[in-house]
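Shown next, in structure tokens, is the structure this report addresses.
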Amino acid sequence: MSRRSSPGPTPARGKPSAGRHQSRRPAARPPVEPPTSGPIEITVESVGALGDGVAHWQETYGPNHRLFVPQTLVGDRLMVRFAQQRGEGWLVEPVSLLAEGPGRADPACRHFGICGGCTLQHMDADTYGAWKVEQLRHALSRAGVTDLPMAPLVRTPPHARRRAVLAAARRGRRLWLGFNERASHRLVDIEECAVLAPRLMALVPPLRALLLELLPDEHTLDVALTLLDDGPDVLLVGLPQPDLNALEKLGAFAEAHDLARLTWSKRPGAPAEPIALRRTGVVRFGPVAVSPAAGSFLQASAEGEAALVAEALAGAMGAARIADLFAGSGTLTFPLSTLAPVHAVEGDGVAITALEAAARTAGGAHPVTVERRDLFKEPLSPAELSACQAVVFDPPRAGAASQAAALAASTVPVVVAISCNPVSFARDAALLLGGGYVLERLVPVDQFLWSPHLEVAARFRRP
């Protein structure tokens, strides 16, 4: 999973779902007149990559003009009304359901259908799992990769999400705290969440009350919640400069709710400043305790991380030297160091600071060396890679085309590729296969429950 992007709910920047404030937006293109104002009857033929049902209105547009229907399943027959253009098709709104297709389930959360964090709670477990795997198959097929040694889907359970960014908005005497509606600037004030870890969800009501006291009217900020091994880590991004009274209230909040750390920053990307550092703020990566910076990347769930680590370890078994590329704060580095010496490479300064600090004090079975390097601009060359018997890489969502091309030209016996984007993974996989590697194992990991996002771990080996 990328250290630079986080699929799932996004911080809101506009009006709350029950409010009146509208955010400023760039001027929109003139709306296109829908082909008809009245409802039409359609049957859902497939579920697309974003989780919407896909149908065609062939009488007018022919077989290539698609209609997208949220929260529907293959076989659903319904009346819909045109809403807005989307790409080469139209987003349509359901008016009435005439007949249900198979595979429907009752949503797990009362906010489903409004909150943009989950788009697939209407699917039962079998339908949902089959759809996730098919998205990976489809992405690989489009890249020309068809021989797939696919392992079963690794599923993470509900209430396992240990990292999320919420948004807060003060409007008069009310404070909204939650996620955006889907494809909207409106904010859903959440009262429950079926994916967040209970300890993080328990912070939402008291945070709402606290921020109502601290924020001026019409102010918004982001609330980054991370559940570390020694407690919750809360980062308030966009908080006005706190005065002594605010600092006292924030400190009392950290004490009352047993936070590990409470920090704030003026804006996204600005350094986090401490308010209450009650504990170190650590997470264990294999045998090593790492203290990541406030709000920095952490795999979304412990279960998902365990699955990815297991695949990396299995692939690198027996290597005398390992390279961990796009290493972040050491999620894979330190488990891999139980097998052999590891050279960890990362371009992000905040992440590599935490990685270096942990490597200096780790005292593990094998040494870890650390290099700061932008692997997009300067990938490790085939000559540099030749010292390694196994390479693991876990890039951001854009993938690692340049590094994959260098690996394809190398002599490295085993490559383990981990990705949070099946499309960029498929491109990188095709490069490795073109360089003579064989795809030995492919594991889909459903770390972002009830969302369209899917992670992948794959093992490539030179024959």
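Labels for the structure tokens follow display order: chains A, B, ..., residues from 1 in each chain, ligands from 1.
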Neighbours of Ala49 in chain A within 8 Å (only C-alpha atoms; same-chain residues fewer than 2 positions away dropped), as a PDB file with N, CA and C atoms, in the first residue's frame?
```pdb
ATOM      1  N   VAL A  47     -20.805  -5.547 -12.967  1.00  0.00           N
ATOM      2  CA  VAL A  47     -20.425  -4.553 -11.952  1.00  0.00           C
ATOM      3  C   VAL A  47     -19.033  -4.049 -12.312  1.00  0.00           C
ATOM      4  N   GLY A  51     -17.392  -0.387  -8.625  1.00  0.00           N
ATOM      5  CA  GLY A  51     -18.434  -1.018  -7.829  1.00  0.00           C
ATOM      6  C   GLY A  51     -19.844  -0.695  -8.261  1.00  0.00           C
ATOM      7  N   ASP A  52     -20.014   0.100  -9.312  1.00  0.00           N
ATOM      8  CA  ASP A  52     -21.347   0.420  -9.825  1.00  0.00           C
ATOM      9  C   ASP A  52     -21.821  -0.651 -10.797  1.00  0.00           C
ATOM     10  N   GLN A 135     -11.716  -8.428 -10.666  1.00  0.00           N
ATOM     11  CA  GLN A 135     -11.073  -7.155 -11.017  1.00  0.00           C
ATOM     12  C   GLN A 135      -9.582  -7.350 -11.268  1.00  0.00           C
ATOM     13  N   PRO A 452     -13.740  -0.651  -3.636  1.00  0.00           N
ATOM     14  CA  PRO A 452     -13.239  -1.266  -4.877  1.00  0.00           C
ATOM     15  C   PRO A 452     -11.747  -1.582  -4.840  1.00  0.00           C
TER      16      PRO A 452
END
```
Skip Ala293 in chain A itself and residues of its chain fewer than 6 positions away, then list as a VMD selection string all residues within 8 Å of it, counting only C-alpha atoms. chain A and resid 350 to 351 354
Show me, as a PyMOL selection string, the residues that have an atom within 9 Å of Phe448 in chain A when counting only C-alpha atoms, minus same-chain residues fewer than 2 positions from it. chain A and resi 7-8+118+156+161+195+300-301+304+445-446+450-455
For Leu449 in chain A, which residue among A:Thr119, A:Gln299, A:Ser141, A:Asn245 is the nearest when counting only C-alpha atoms? A:Thr119
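Shortest atom-to-atom contact with Gly48 in chain A among A:Asp243, A:Glu191, A:Glu248, A:Glu134: A:Glu134, counting only C-alpha atoms.
For Arg182 in chain A, the non-local neighbours within 9 Å, defined as residues at least 5 positions apart in the same chain or in other chains and counting only C-alpha atoms, are Pro9, Gly113, Ile114, Cys115, Gly116, Gly117, Cys118 and Thr119 of chain A.
The space separating CA of Leu166 in chain A from CA of Val223 in chain A comes to 5.0 Å.
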List every residue of range 16-216 of chain A that DSSP, applied to the backbone, labels as alpha helix (DSSP H), and write the result as a PyMOL selection string. chain A and resi 58-61+125-142+198-201+204-214
